file upload04.txt (compact mmCIF, C-alpha atoms)
# COMPACT_ATOMS: atom_id res chain seq x y z
CA MET I 2 65.69 -16.18 -85.79
CA ASN I 3 65.95 -16.01 -89.58
CA ASN I 4 63.48 -14.42 -91.98
CA ASP I 5 62.10 -17.77 -93.13
CA GLU I 6 61.10 -18.71 -89.62
CA GLN I 7 59.59 -15.29 -88.99
CA ASN I 8 57.60 -15.57 -92.23
CA LYS I 9 56.38 -19.00 -91.18
CA ILE I 10 55.18 -17.63 -87.86
CA ASP I 11 53.55 -14.62 -89.53
CA LYS I 12 51.78 -16.91 -91.97
CA MET I 13 50.63 -19.14 -89.16
CA ILE I 14 49.23 -16.16 -87.24
CA ASP I 15 47.34 -15.02 -90.34
CA ASP I 16 45.98 -18.54 -90.88
CA LEU I 17 44.90 -18.92 -87.27
CA SER I 18 43.22 -15.50 -87.35
CA ASP I 19 41.38 -16.39 -90.56
CA ARG I 20 40.19 -19.64 -89.06
CA LEU I 21 38.93 -17.98 -85.86
CA GLU I 22 35.29 -18.65 -84.99
CA PRO I 23 33.49 -17.30 -81.92
CA VAL I 24 34.14 -19.68 -79.02
CA LYS I 25 31.90 -20.68 -76.15
CA VAL I 26 33.78 -19.79 -72.99
CA ILE I 27 34.14 -22.67 -70.55
CA LYS I 28 31.64 -22.71 -67.65
CA PRO I 29 32.84 -21.84 -64.12
CA THR I 30 34.63 -24.63 -62.27
CA HIS I 31 32.02 -25.20 -59.55
CA ILE I 32 29.23 -25.54 -62.10
CA ARG I 33 31.14 -28.11 -64.17
CA ALA I 34 32.14 -30.03 -61.06
CA PHE I 35 28.56 -29.98 -59.80
CA VAL I 36 27.19 -31.28 -63.12
CA VAL I 37 29.65 -34.20 -63.11
CA PHE I 38 28.85 -34.89 -59.46
CA VAL I 39 25.09 -34.93 -60.02
CA LEU I 40 25.39 -37.11 -63.14
CA SER I 41 27.61 -39.57 -61.27
CA VAL I 42 25.30 -39.74 -58.24
CA VAL I 43 22.27 -40.28 -60.50
CA TYR I 44 24.12 -43.00 -62.43
CA VAL I 45 25.30 -44.82 -59.30
CA THR I 46 21.80 -44.60 -57.73
CA VAL I 47 20.11 -45.90 -60.88
CA VAL I 48 22.57 -48.76 -61.39
CA THR I 49 22.48 -49.79 -57.72
CA ASN I 50 18.70 -49.56 -57.49
CA PHE I 51 17.65 -51.12 -60.78
CA PHE I 52 20.48 -53.42 -61.78
CA LEU I 53 22.31 -54.50 -58.64
CA ASP I 54 19.61 -54.30 -55.91
CA MET I 55 19.95 -52.23 -52.76
CA ARG I 56 21.28 -53.95 -49.64
CA PHE I 57 18.58 -55.57 -47.53
CA ASP I 58 19.40 -53.56 -44.38
CA LEU I 59 19.77 -50.17 -46.06
CA LYS I 60 16.88 -48.56 -44.12
CA HIS I 61 18.38 -49.70 -40.87
CA ARG I 62 21.90 -48.65 -41.89
CA LEU I 63 20.77 -45.18 -42.90
CA GLN I 64 19.76 -44.58 -39.29
CA ASP I 65 23.25 -45.49 -38.15
CA PHE I 66 25.38 -42.38 -37.64
CA SER I 67 28.67 -43.97 -38.70
CA PHE I 68 27.17 -45.22 -41.98
CA LEU I 69 25.60 -41.84 -42.72
CA PHE I 70 28.89 -40.16 -41.90
CA GLU I 71 30.65 -42.52 -44.32
CA VAL I 72 28.17 -41.70 -47.11
CA VAL I 73 28.50 -37.94 -46.62
CA TYR I 74 32.27 -38.24 -46.29
CA VAL I 75 32.59 -40.23 -49.53
CA LEU I 76 30.27 -37.82 -51.36
CA LEU I 77 32.49 -34.97 -50.19
CA ILE I 78 35.60 -36.76 -51.51
CA CYS I 79 33.83 -37.28 -54.85
CA PHE I 80 32.84 -33.63 -55.10
CA LEU I 81 36.33 -32.44 -54.15
CA SER I 82 37.85 -34.78 -56.73
CA PHE I 83 35.53 -33.57 -59.47
CA TYR I 84 36.16 -29.98 -58.43
CA ALA I 85 39.92 -30.57 -58.61
CA ALA I 86 39.50 -32.21 -62.03
CA ALA I 87 37.50 -29.22 -63.26
CA LYS I 88 40.15 -26.84 -61.92
CA LEU I 89 42.95 -28.87 -63.48
CA SER I 90 41.26 -28.72 -66.85
CA LEU I 91 42.26 -25.03 -67.01
CA PRO I 92 45.85 -24.30 -68.06
CA ASP I 93 46.54 -21.68 -65.40
CA VAL I 94 45.28 -23.43 -62.28
CA ARG I 95 46.88 -22.11 -59.11
CA HIS I 96 47.30 -23.86 -55.73
CA VAL I 97 47.33 -27.19 -57.57
CA LYS I 98 48.67 -29.16 -54.64
CA TRP I 99 45.75 -28.21 -52.37
CA TYR I 100 43.15 -29.17 -54.92
CA VAL I 101 44.81 -32.55 -55.36
CA LEU I 102 45.85 -33.12 -51.78
CA SER I 103 42.44 -32.56 -50.21
CA PRO I 104 40.68 -35.59 -51.80
CA VAL I 105 43.84 -37.72 -51.49
CA LEU I 106 44.22 -36.95 -47.77
CA MET I 107 40.53 -37.57 -47.21
CA VAL I 108 40.80 -41.00 -48.84
CA VAL I 109 43.80 -41.86 -46.66
CA LEU I 110 42.09 -40.57 -43.53
CA GLY I 111 38.91 -42.48 -44.42
CA ALA I 112 40.88 -45.70 -44.84
CA VAL I 113 42.59 -45.14 -41.49
CA LEU I 114 39.25 -44.44 -39.77
CA LEU I 115 37.73 -47.57 -41.27
CA LEU I 116 40.65 -49.66 -40.16
CA ALA I 117 40.57 -48.12 -36.67
CA GLN I 118 36.87 -48.85 -36.40
CA TYR I 119 37.43 -52.50 -37.14
CA ILE I 120 40.43 -52.78 -34.87
CA SER I 121 38.49 -51.18 -32.02
CA HIS I 122 35.69 -53.73 -32.53
CA ASP I 123 38.29 -56.48 -32.52
CA LEU I 124 37.01 -57.93 -35.80
CA PRO I 125 39.01 -60.62 -37.61
CA LEU I 126 41.00 -59.53 -40.63
CA ARG I 127 40.10 -62.37 -42.98
CA ILE I 128 41.39 -62.55 -46.55
CA ASP I 129 39.36 -64.89 -48.72
CA ILE I 130 39.66 -63.73 -52.30
CA GLY I 131 38.13 -66.85 -53.81
CA ARG I 132 34.64 -66.27 -52.44
CA PHE I 133 31.86 -65.69 -54.96
CA SER I 134 30.72 -62.47 -53.35
CA TYR I 135 34.12 -60.98 -54.08
CA HIS I 136 33.85 -61.60 -57.81
CA HIS I 137 30.26 -60.42 -57.75
CA CYS I 138 31.18 -57.13 -56.12
CA MET I 139 34.18 -56.72 -58.41
CA LEU I 140 31.98 -57.03 -61.49
CA ASP I 141 29.38 -54.68 -60.04
CA GLY I 142 32.15 -52.23 -59.28
CA VAL I 143 33.31 -52.17 -62.89
CA PHE I 144 29.86 -50.90 -63.85
CA LEU I 145 29.74 -48.40 -61.04
CA VAL I 146 33.20 -46.91 -61.56
CA SER I 147 33.42 -46.77 -65.35
CA LEU I 148 30.87 -44.08 -66.18
CA PRO I 149 31.80 -41.57 -63.45
CA VAL I 150 35.45 -41.87 -64.52
CA LEU I 151 34.48 -41.42 -68.16
CA ILE I 152 32.34 -38.38 -67.37
CA CYS I 153 35.20 -36.88 -65.41
CA VAL I 154 37.68 -37.59 -68.21
CA PHE I 155 35.28 -35.88 -70.60
CA LEU I 156 35.09 -32.90 -68.23
CA VAL I 157 38.88 -32.53 -68.26
CA ARG I 158 39.09 -33.02 -72.02
CA ARG I 159 36.65 -30.13 -72.52
CA GLY I 160 39.36 -27.88 -71.13
CA ALA I 161 43.09 -27.82 -71.81
CA THR I 162 44.96 -29.31 -68.91
CA THR I 163 48.62 -28.68 -68.29
CA HIS I 164 48.62 -31.31 -65.51
CA PRO I 165 47.45 -34.50 -67.25
CA TYR I 166 48.67 -36.95 -64.58
CA LEU I 167 47.13 -35.07 -61.68
CA ALA I 168 43.89 -34.60 -63.61
CA ALA I 169 43.79 -38.35 -64.28
CA MET I 170 44.50 -39.08 -60.63
CA VAL I 171 41.67 -36.95 -59.25
CA SER I 172 39.30 -38.28 -61.93
CA SER I 173 40.19 -41.77 -60.78
CA ILE I 174 39.65 -40.94 -57.12
CA GLY I 175 36.26 -39.37 -57.88
CA GLY I 176 35.15 -42.33 -59.98
CA GLY I 177 36.62 -44.88 -57.58
CA MET I 178 34.84 -43.39 -54.58
CA MET I 179 31.56 -43.31 -56.51
CA GLY I 180 32.05 -47.03 -57.04
CA TRP I 181 32.68 -47.49 -53.32
CA LEU I 182 29.48 -45.64 -52.48
CA GLY I 183 27.43 -47.69 -54.94
CA LEU I 184 28.74 -50.95 -53.53
CA ARG I 185 28.08 -49.86 -49.95
CA MET I 186 24.46 -49.26 -50.97
CA GLY I 187 24.22 -52.55 -52.81
CA CYS I 188 26.36 -55.01 -50.87
CA GLY I 189 25.36 -56.08 -47.37
CA SER I 190 28.83 -57.11 -46.23
CA ASN I 191 30.67 -55.10 -43.58
CA ASP I 192 33.67 -57.38 -43.51
CA ILE I 193 36.85 -55.33 -43.73
CA SER I 194 38.78 -57.73 -45.95
CA HIS I 195 35.81 -57.86 -48.31
CA LEU I 196 35.53 -54.07 -48.29
CA PHE I 197 39.21 -53.71 -49.05
CA PHE I 198 39.73 -56.48 -51.59
CA ALA I 199 36.36 -56.36 -53.34
CA HIS I 200 35.14 -52.78 -52.91
CA PHE I 201 38.27 -50.70 -52.84
CA LEU I 202 41.25 -52.27 -54.54
CA PRO I 203 39.86 -53.48 -57.92
CA PHE I 204 38.10 -50.22 -58.72
CA PHE I 205 41.06 -48.17 -57.83
CA ILE I 206 43.19 -50.34 -60.07
CA ILE I 207 40.63 -50.01 -62.87
CA ALA I 208 40.08 -46.35 -62.21
CA PHE I 209 43.81 -45.70 -62.30
CA VAL I 210 44.08 -46.87 -65.90
CA PRO I 211 43.47 -43.27 -67.07
CA SER I 212 46.48 -42.24 -65.01
CA LEU I 213 48.74 -44.53 -67.01
CA LEU I 214 47.42 -43.13 -70.28
CA ALA I 215 47.06 -39.57 -69.01
CA ARG I 216 49.23 -37.92 -71.62
CA LYS I 217 47.38 -39.62 -74.45
CA ILE I 218 43.90 -39.19 -73.00
CA PHE I 219 44.34 -35.53 -72.19
CA ARG I 220 46.37 -34.55 -75.25
CA TRP I 221 45.18 -31.29 -76.81
CA MET N 16 50.55 -4.84 -66.46
CA GLU N 17 49.60 -2.73 -69.48
CA ASP N 18 50.35 -5.67 -71.74
CA ASP N 19 48.16 -7.89 -69.67
CA ASN N 20 45.17 -5.54 -69.80
CA GLN N 21 45.53 -5.11 -73.54
CA TRP N 22 45.92 -8.86 -74.11
CA GLN N 23 42.94 -9.52 -71.88
CA GLN N 24 40.78 -7.22 -74.00
CA TRP N 25 42.02 -8.76 -77.23
CA ALA N 26 41.47 -12.29 -75.92
CA VAL N 27 37.90 -11.52 -74.91
CA ALA N 28 37.24 -9.89 -78.29
CA ALA N 29 38.80 -12.91 -80.01
CA GLN N 30 36.49 -15.25 -78.12
CA GLN N 31 33.62 -13.35 -79.70
CA GLY N 32 35.13 -13.87 -83.15
CA ASP N 33 37.05 -10.61 -83.64
CA LYS N 34 39.75 -11.70 -86.10
CA LYS N 35 41.60 -8.39 -86.04
CA ALA N 36 41.92 -8.41 -82.26
CA TYR N 37 43.04 -12.03 -82.40
CA ASN N 38 45.69 -11.27 -85.00
CA SER N 39 46.99 -8.40 -82.86
CA LEU N 40 47.00 -10.62 -79.79
CA LEU N 41 48.99 -13.40 -81.46
CA ARG N 42 51.51 -10.97 -82.94
CA ASP N 43 51.92 -9.20 -79.63
CA ILE N 44 52.49 -12.33 -77.56
CA VAL N 45 55.24 -13.77 -79.78
CA PRO N 46 58.05 -11.60 -78.26
CA TYR N 47 56.77 -12.46 -74.78
CA ILE N 48 56.81 -16.18 -75.61
CA ARG N 49 60.37 -15.85 -76.91
CA ALA N 50 61.39 -13.96 -73.78
CA VAL N 51 59.98 -16.69 -71.52
CA LEU N 52 61.65 -19.40 -73.59
CA GLY N 53 64.90 -17.49 -73.91
CA GLY N 54 67.81 -19.03 -72.08
CA SER N 55 65.92 -22.14 -71.09
CA LEU N 56 66.68 -24.05 -74.29
CA ALA N 57 69.92 -25.81 -75.20
CA ASN N 58 69.40 -24.92 -78.85
CA GLU N 59 67.96 -21.56 -79.88
CA ASP N 60 66.55 -23.01 -83.10
CA TRP N 61 64.04 -25.00 -81.07
CA ALA N 62 62.38 -21.76 -80.01
CA ASP N 63 60.79 -21.28 -83.45
CA ASP N 64 59.16 -24.71 -83.34
CA ILE N 65 57.97 -24.20 -79.79
CA VAL N 66 56.57 -20.75 -80.58
CA GLN N 67 54.49 -22.34 -83.37
CA ASP N 68 53.30 -25.10 -81.03
CA ILE N 69 52.31 -22.50 -78.46
CA LEU N 70 50.39 -20.38 -80.98
CA ILE N 71 48.41 -23.46 -82.02
CA SER N 72 47.79 -24.31 -78.35
CA VAL N 73 46.55 -20.78 -77.66
CA HIS N 74 44.17 -21.18 -80.59
CA LYS N 75 42.90 -24.54 -79.34
CA SER N 76 42.45 -23.49 -75.73
CA LEU N 77 41.09 -19.98 -76.22
CA HIS N 78 37.76 -21.11 -74.74
CA THR N 79 39.45 -21.89 -71.40
CA TYR N 80 40.42 -18.28 -70.80
CA THR N 81 37.97 -16.23 -68.76
CA GLU N 82 37.89 -12.49 -68.42
CA SER N 83 38.03 -12.63 -64.65
CA ARG N 84 41.56 -14.05 -64.70
CA PRO N 85 44.75 -12.29 -65.82
CA PHE N 86 45.98 -13.32 -69.28
CA LYS N 87 49.71 -13.65 -68.64
CA PRO N 88 49.59 -16.56 -66.16
CA TRP N 89 47.25 -18.39 -68.55
CA LEU N 90 49.66 -17.88 -71.43
CA THR N 91 52.74 -18.65 -69.34
CA SER N 92 51.28 -21.99 -68.22
CA ILE N 93 50.77 -22.94 -71.85
CA ILE N 94 54.32 -21.85 -72.70
CA TYR N 95 55.86 -24.03 -69.96
CA PHE N 96 53.62 -26.96 -70.83
CA ARG N 97 54.49 -26.88 -74.53
CA ARG N 98 58.18 -26.35 -73.86
CA THR N 99 58.26 -29.44 -71.62
CA ASP N 100 56.26 -31.35 -74.21
CA TYR N 101 58.69 -30.38 -76.96
CA LEU N 102 61.77 -31.29 -74.93
CA ARG N 103 60.25 -34.64 -73.91
CA LYS N 104 59.58 -35.48 -77.57
CA TYR N 105 62.99 -34.26 -78.66
CA TYR N 106 64.96 -36.21 -76.09
CA GLY N 107 62.67 -39.21 -76.59
CA ARG N 108 63.58 -39.31 -80.27
CA LYS N 109 67.25 -38.72 -79.50
CA LYS N 110 67.25 -41.68 -77.13
CA LEU N 111 65.73 -43.84 -79.86
CA LYS N 112 68.38 -42.75 -82.35
CA ASP N 113 71.14 -43.49 -79.86
CA VAL N 114 69.82 -47.00 -79.38
CA VAL N 115 69.68 -47.55 -83.13
CA LYS N 116 73.23 -46.31 -83.57
CA GLU N 117 74.42 -48.66 -80.89
CA ASP N 118 72.68 -51.59 -82.53
CA ALA N 119 75.49 -53.25 -84.51
CA VAL N 120 73.14 -55.42 -86.60
CA PHE N 121 70.94 -52.52 -87.58
CA PHE N 122 74.00 -50.40 -88.29
CA GLY N 123 75.60 -53.09 -90.43
CA GLU N 124 72.49 -53.83 -92.45
CA ASN N 125 71.23 -50.35 -92.99
CA VAL N 126 74.10 -47.95 -92.83
CA THR N 127 77.38 -49.59 -93.82
CA GLU N 128 75.86 -52.15 -96.18
CA GLN N 129 76.37 -50.96 -99.77
CA ILE N 130 72.92 -52.10 -100.94
CA GLY N 131 71.18 -50.38 -98.07
CA TYR N 132 73.23 -47.26 -98.69
CA SER N 133 72.26 -47.06 -102.35
CA GLU N 134 68.60 -47.57 -101.45
CA LEU N 135 68.88 -44.72 -99.02
CA LYS N 136 70.32 -42.53 -101.76
CA ASP N 137 67.46 -43.55 -104.08
CA ILE N 138 64.92 -42.60 -101.44
CA GLU N 139 66.64 -39.26 -100.89
CA ARG N 140 66.71 -38.60 -104.62
CA TYR N 141 63.08 -39.56 -105.01
CA LEU N 142 61.95 -37.43 -102.07
CA GLY N 143 63.90 -34.51 -103.55
CA GLY N 144 61.60 -34.63 -106.58
CA LEU N 145 58.42 -34.23 -104.53
CA ASN N 146 56.84 -30.91 -103.67
CA GLU N 147 57.83 -29.49 -100.28
CA LYS N 148 54.59 -30.27 -98.46
CA HIS N 149 54.46 -33.94 -99.46
CA LYS N 150 58.13 -34.36 -98.70
CA ASP N 151 57.85 -32.69 -95.28
CA ALA N 152 54.74 -34.71 -94.42
CA PHE N 153 56.50 -37.97 -95.29
CA ILE N 154 59.69 -37.13 -93.42
CA LEU N 155 57.87 -35.88 -90.33
CA MET N 156 55.52 -38.83 -90.12
CA LYS N 157 57.61 -41.74 -91.34
CA LEU N 158 61.12 -40.75 -90.34
CA GLU N 159 60.69 -38.47 -87.35
CA GLY N 160 57.74 -40.23 -85.78
CA TYR N 161 55.16 -37.44 -85.55
CA SER N 162 51.49 -38.39 -85.59
CA ALA N 163 49.26 -37.41 -88.52
CA SER N 164 47.49 -34.75 -86.46
CA GLU N 165 50.78 -33.23 -85.32
CA VAL N 166 52.07 -33.14 -88.90
CA GLY N 167 48.75 -31.60 -89.97
CA GLU N 168 49.18 -28.84 -87.43
CA LYS N 169 52.75 -28.17 -88.45
CA LEU N 170 52.04 -28.08 -92.18
CA ASP N 171 48.57 -26.60 -91.95
CA MET N 172 46.92 -29.62 -93.55
CA SER N 173 44.00 -31.68 -92.34
CA GLU N 174 44.79 -35.00 -90.65
CA SER N 175 43.20 -36.99 -93.48
CA ALA N 176 45.10 -34.95 -96.11
CA VAL N 177 48.35 -35.81 -94.32
CA LYS N 178 47.48 -39.52 -94.26
CA VAL N 179 46.54 -39.51 -97.94
CA SER N 180 49.71 -37.62 -98.90
CA VAL N 181 51.98 -39.93 -96.88
CA HIS N 182 50.25 -43.03 -98.20
CA ARG N 183 50.65 -41.87 -101.81
CA THR N 184 54.27 -40.98 -101.29
CA LYS N 185 54.88 -44.38 -99.73
CA GLU N 186 53.16 -46.20 -102.59
CA MET N 187 55.02 -44.20 -105.25
CA LEU N 188 58.27 -44.74 -103.41
CA LYS N 189 57.59 -48.45 -103.27
CA SER N 190 56.88 -48.73 -106.99
CA ALA N 191 59.87 -46.55 -107.85
CA MET N 192 62.09 -48.82 -105.77
CA GLU N 193 60.62 -51.94 -107.36
CA GLU N 194 61.19 -50.52 -110.83
CA GLY N 195 64.77 -49.70 -109.93
CA ALA N 196 65.45 -53.19 -108.54

call {"tool": "encode", "arguments": {"input": "upload04.txt", "output": "structure tokens"}}
result
Amino acid sequence: MNNDEQNKIDKMIDDLSDRLEPVKVIKPTHIRAFVVFVLSVVYVTVVTNFFLDMRFDLKHRLQDFSFLFEVVYVLLICFLSFYAAAKLSLPDVRHVKWYVLSPVLMVVLGAVLLLAQYISHDLPLRIDIGRFSYHHCMLDGVFLVSLPVLICVFLVRRGATTHPYLAAMVSSIGGGMMGWLGLRMGCGSNDISHLFFAHFLPFFIIAFVPSLLARKIFRW
Amino acid sequence: MEDDNQWQQWAVAAQQGDKKAYNSLLRDIVPYIRAVLGGSLANEDWADDIVQDILISVHKSLHTYTESRPFKPWLTSIIYFRRTDYLRKYYGRKKLKDVVKEDAVFFGENVTEQIGYSELKDIERYLGGLNEKHKDAFILMKLEGYSASEVGEKLDMSESAVKVSVHRTKEMLKSAMEEGA
């Protein structure tokens, strides 16, 4: 290292020190994750209730154990995703793979359980993308997914992530699953092809846009 | 371990606005940053640029450090992240240059062509007459592909000041070239 470079670094240190202002230390991970979770749940509830209408058999479905289990399970995935996103917003996060793997594995397991449920009931696996209800649910889903993903992106941007792609991925999972939950509350269909092609796939594609732009979105 | 405790105390004091502690912290971590970078770079000169990037990153992310966690892993994560970032940018630019060199049409028109060559010399001569900051800003942004905010960080200028400086240089360069034509 020559003297010029050392002088540059010394000058930079002096400048940075002069510019220093007291900083507000970032809130603990669980609190930030919880805030995003609550905001997302409130948003999805409000949108489903006031703009998209709740499904006609919701009261009946909420007494069904498998439906209740699904709701709790999806909420858990959402919370774990937001928690992982909050963790990943810190530069020195440890045990990264567990934070990311837990929501991912839960999504995969959930999909397998759903599929198994339908296979065990011997239900037909119809694919009819052209139906109106599909487009309707896809549009509703855009509303439901967008804000939770944006809130989560904001949560990560408040920190300084050193894992932009993973942070984008868990943000997308959290937002995508919130969209799933909202549509399950609003749409009366239990058809597996509808659930997959109209409730799951489009939102995950939309929600995964942040993953493609992760380095730009989470640049700091 | 002693380093870590001391750095931890300085970092916490810096978060509360203690400039002296912050200055000591930044000066003290530079040798550590160099030690972590040492040996992992193909060119030792890159280390100076990366050290500067890391110091800016520490400044930007100071709020993400909490007293309950050790300081060294926090700093080391930033060091690795910025090193990877730097290498990605460096090799990205190198790839672009290689493509340009291989492009026979571009090469013929802009490098071996006498007119293009003299224009290049004019630009070099003109840039030589500018003050260092304007020249560096123009070269970094227009020739090396850095963004305005990155140039601002490197040259300690605001983003808008960089844009204004580069725009003026470009306009002056344009009129100088037109006058010369």

call {"tool": "atom_distance", "arguments": {"input": "upload04.txt", "atom1": "atom CA of I:Ile10", "atom2": "atom CA of N:Ala29"}}
result
18.8 Å

call {"tool": "closest_residue", "arguments": {"input": "upload04.txt", "among": "I:Ser172, I:Thr163, I:Ser41, I:Ser121", "to": "I:Arg216", "atoms": "all atoms listed in the file"}}
result
I:Thr163

call {"tool": "interface_residues", "arguments": {"input": "upload04.txt", "of": "chain I", "to": "chain N", "cutoff": "9 Å", "atoms": "all atoms listed in the file", "output": "mmCIF file with C-alpha atoms, in the frame of the given file"}}
result
data_model
loop_
_atom_site.group_PDB
_atom_site.id
_atom_site.type_symbol
_atom_site.label_atom_id
_atom_site.label_comp_id
_atom_site.auth_asym_id
_atom_site.auth_seq_id
_atom_site.Cartn_x
_atom_site.Cartn_y
_atom_site.Cartn_z
ATOM 1 C CA MET I 2 65.690 -16.180 -85.790
ATOM 2 C CA GLU I 6 61.100 -18.710 -89.620
ATOM 3 C CA GLN I 7 59.590 -15.290 -88.990
ATOM 4 C CA LYS I 9 56.380 -19.000 -91.180
ATOM 5 C CA ILE I 10 55.180 -17.630 -87.860
ATOM 6 C CA ASP I 11 53.550 -14.620 -89.530
ATOM 7 C CA MET I 13 50.630 -19.140 -89.160
ATOM 8 C CA ILE I 14 49.230 -16.160 -87.240
ATOM 9 C CA ASP I 15 47.340 -15.020 -90.340
ATOM 10 C CA ASP I 16 45.980 -18.540 -90.880
ATOM 11 C CA LEU I 17 44.900 -18.920 -87.270
ATOM 12 C CA SER I 18 43.220 -15.500 -87.350
ATOM 13 C CA ASP I 19 41.380 -16.390 -90.560
ATOM 14 C CA ARG I 20 40.190 -19.640 -89.060
ATOM 15 C CA LEU I 21 38.930 -17.980 -85.860
ATOM 16 C CA GLU I 22 35.290 -18.650 -84.990
ATOM 17 C CA PRO I 23 33.490 -17.300 -81.920
ATOM 18 C CA VAL I 24 34.140 -19.680 -79.020
ATOM 19 C CA LYS I 25 31.900 -20.680 -76.150
ATOM 20 C CA VAL I 26 33.780 -19.790 -72.990
ATOM 21 C CA ILE I 27 34.140 -22.670 -70.550
ATOM 22 C CA LYS I 28 31.640 -22.710 -67.650
ATOM 23 C CA PRO I 29 32.840 -21.840 -64.120
ATOM 24 C CA SER I 90 41.260 -28.720 -66.850
ATOM 25 C CA LEU I 91 42.260 -25.030 -67.010
ATOM 26 C CA PRO I 92 45.850 -24.300 -68.060
ATOM 27 C CA ASP I 93 46.540 -21.680 -65.400
ATOM 28 C CA VAL I 94 45.280 -23.430 -62.280
ATOM 29 C CA ARG I 159 36.650 -30.130 -72.520
ATOM 30 C CA GLY I 160 39.360 -27.880 -71.130
ATOM 31 C CA ALA I 161 43.090 -27.820 -71.810
ATOM 32 C CA THR I 163 48.620 -28.680 -68.290
ATOM 33 C CA HIS I 164 48.620 -31.310 -65.510
ATOM 34 C CA TRP I 221 45.180 -31.290 -76.810
#

call {"tool": "atom_distance", "arguments": {"input": "upload04.txt", "atom1": "atom CA of I:Ala168", "atom2": "atom CA of I:Val39"}}
result
19.1 Å

call {"tool": "residues_near_point", "arguments": {"input": "upload04.txt", "point": "(23.3, -52.1, -59.4)", "cutoff": "9 Å", "atoms": "only C-alpha atoms", "output": "ChimeraX atom specification"}}
result
/I:45-55,141-142,144-145,183-184,186-187

call {"tool": "atom_distance", "arguments": {"input": "upload04.txt", "atom1": "atom CA of I:Val72", "atom2": "atom CA of I:Gly111"}}
result
11.1 Å

call {"tool": "residues_around", "arguments": {"input": "upload04.txt", "residues": "stretch 56-58 of chain N", "least_positions_apart": "5", "cutoff": "12 Å", "atoms": "only C-alpha atoms", "output": "compact mmCIF listing (two decimals) with C-alpha atoms, in the coordinates of the input"}}
result
# COMPACT_ATOMS: atom_id res chain seq x y z
CA MET I 2 65.69 -16.18 -85.79
CA ARG N 49 60.37 -15.85 -76.91
CA ALA N 50 61.39 -13.96 -73.78
CA VAL N 51 59.98 -16.69 -71.52
CA ASP N 63 60.79 -21.28 -83.45
CA ASP N 64 59.16 -24.71 -83.34
CA ILE N 65 57.97 -24.20 -79.79
CA TYR N 95 55.86 -24.03 -69.96
CA ARG N 98 58.18 -26.35 -73.86
CA THR N 99 58.26 -29.44 -71.62
CA TYR N 101 58.69 -30.38 -76.96
CA LEU N 102 61.77 -31.29 -74.93
CA TYR N 105 62.99 -34.26 -78.66
CA TYR N 106 64.96 -36.21 -76.09

call {"tool": "axis_aligned_box", "arguments": {"input": "upload04.txt", "around": "stretch 157-172 of chain N", "padding_each_side": "8 Å", "output": "AutoDock Vina command-line options"}}
result
--center_x 54.0 --center_y -34.2 --center_z -89.4 --size_x 30.2 --size_y 31.1 --size_z 24.2

call {"tool": "residues_around", "arguments": {"input": "upload04.txt", "residues": "I:Ser103", "least_positions_apart": "4", "cutoff": "8 Å", "atoms": "all atoms listed in the file", "output": "ChimeraX atom specification"}}
result
/I:81,99,107

call {"tool": "residues_around", "arguments": {"input": "upload04.txt", "residues": "I:Leu69", "least_positions_apart": "5", "cutoff": "12 Å", "atoms": "only C-alpha atoms", "output": "PyMOL selection string"}}
result
chain I and resi 59-64+74-76+182+185-186

call {"tool": "residues_around", "arguments": {"input": "upload04.txt", "residues": "stretch 135-151 of chain N", "least_positions_apart": "6", "cutoff": "8 Å", "atoms": "only C-alpha atoms", "output": "ChimeraX atom specification"}}
result
/N:170,180-181,184,188,192

call {"tool": "decode", "arguments": {"input": "upload04.txt", "residues": "stretch 64-77 of chain N", "atoms": "C-alpha atoms", "output": "compact mmCIF listing (two decimals), in the first residue's frame"}}
result
# COMPACT_ATOMS: atom_id res chain seq x y z
CA ASP N 64 -10.59 -0.04 -3.06
CA ILE N 65 -12.27 -2.82 -1.13
CA VAL N 66 -11.15 -1.40 2.22
CA GLN N 67 -12.80 1.91 1.27
CA ASP N 68 -15.99 0.12 0.20
CA ILE N 69 -16.04 -1.75 3.50
CA LEU N 70 -15.54 1.39 5.58
CA ILE N 71 -18.50 3.00 3.80
CA SER N 72 -20.56 -0.16 4.34
CA VAL N 73 -19.72 -0.17 8.05
CA HIS N 74 -20.88 3.44 8.19
CA LYS N 75 -24.14 2.66 6.40
CA SER N 76 -24.97 -0.44 8.41
CA LEU N 77 -23.87 0.68 11.86
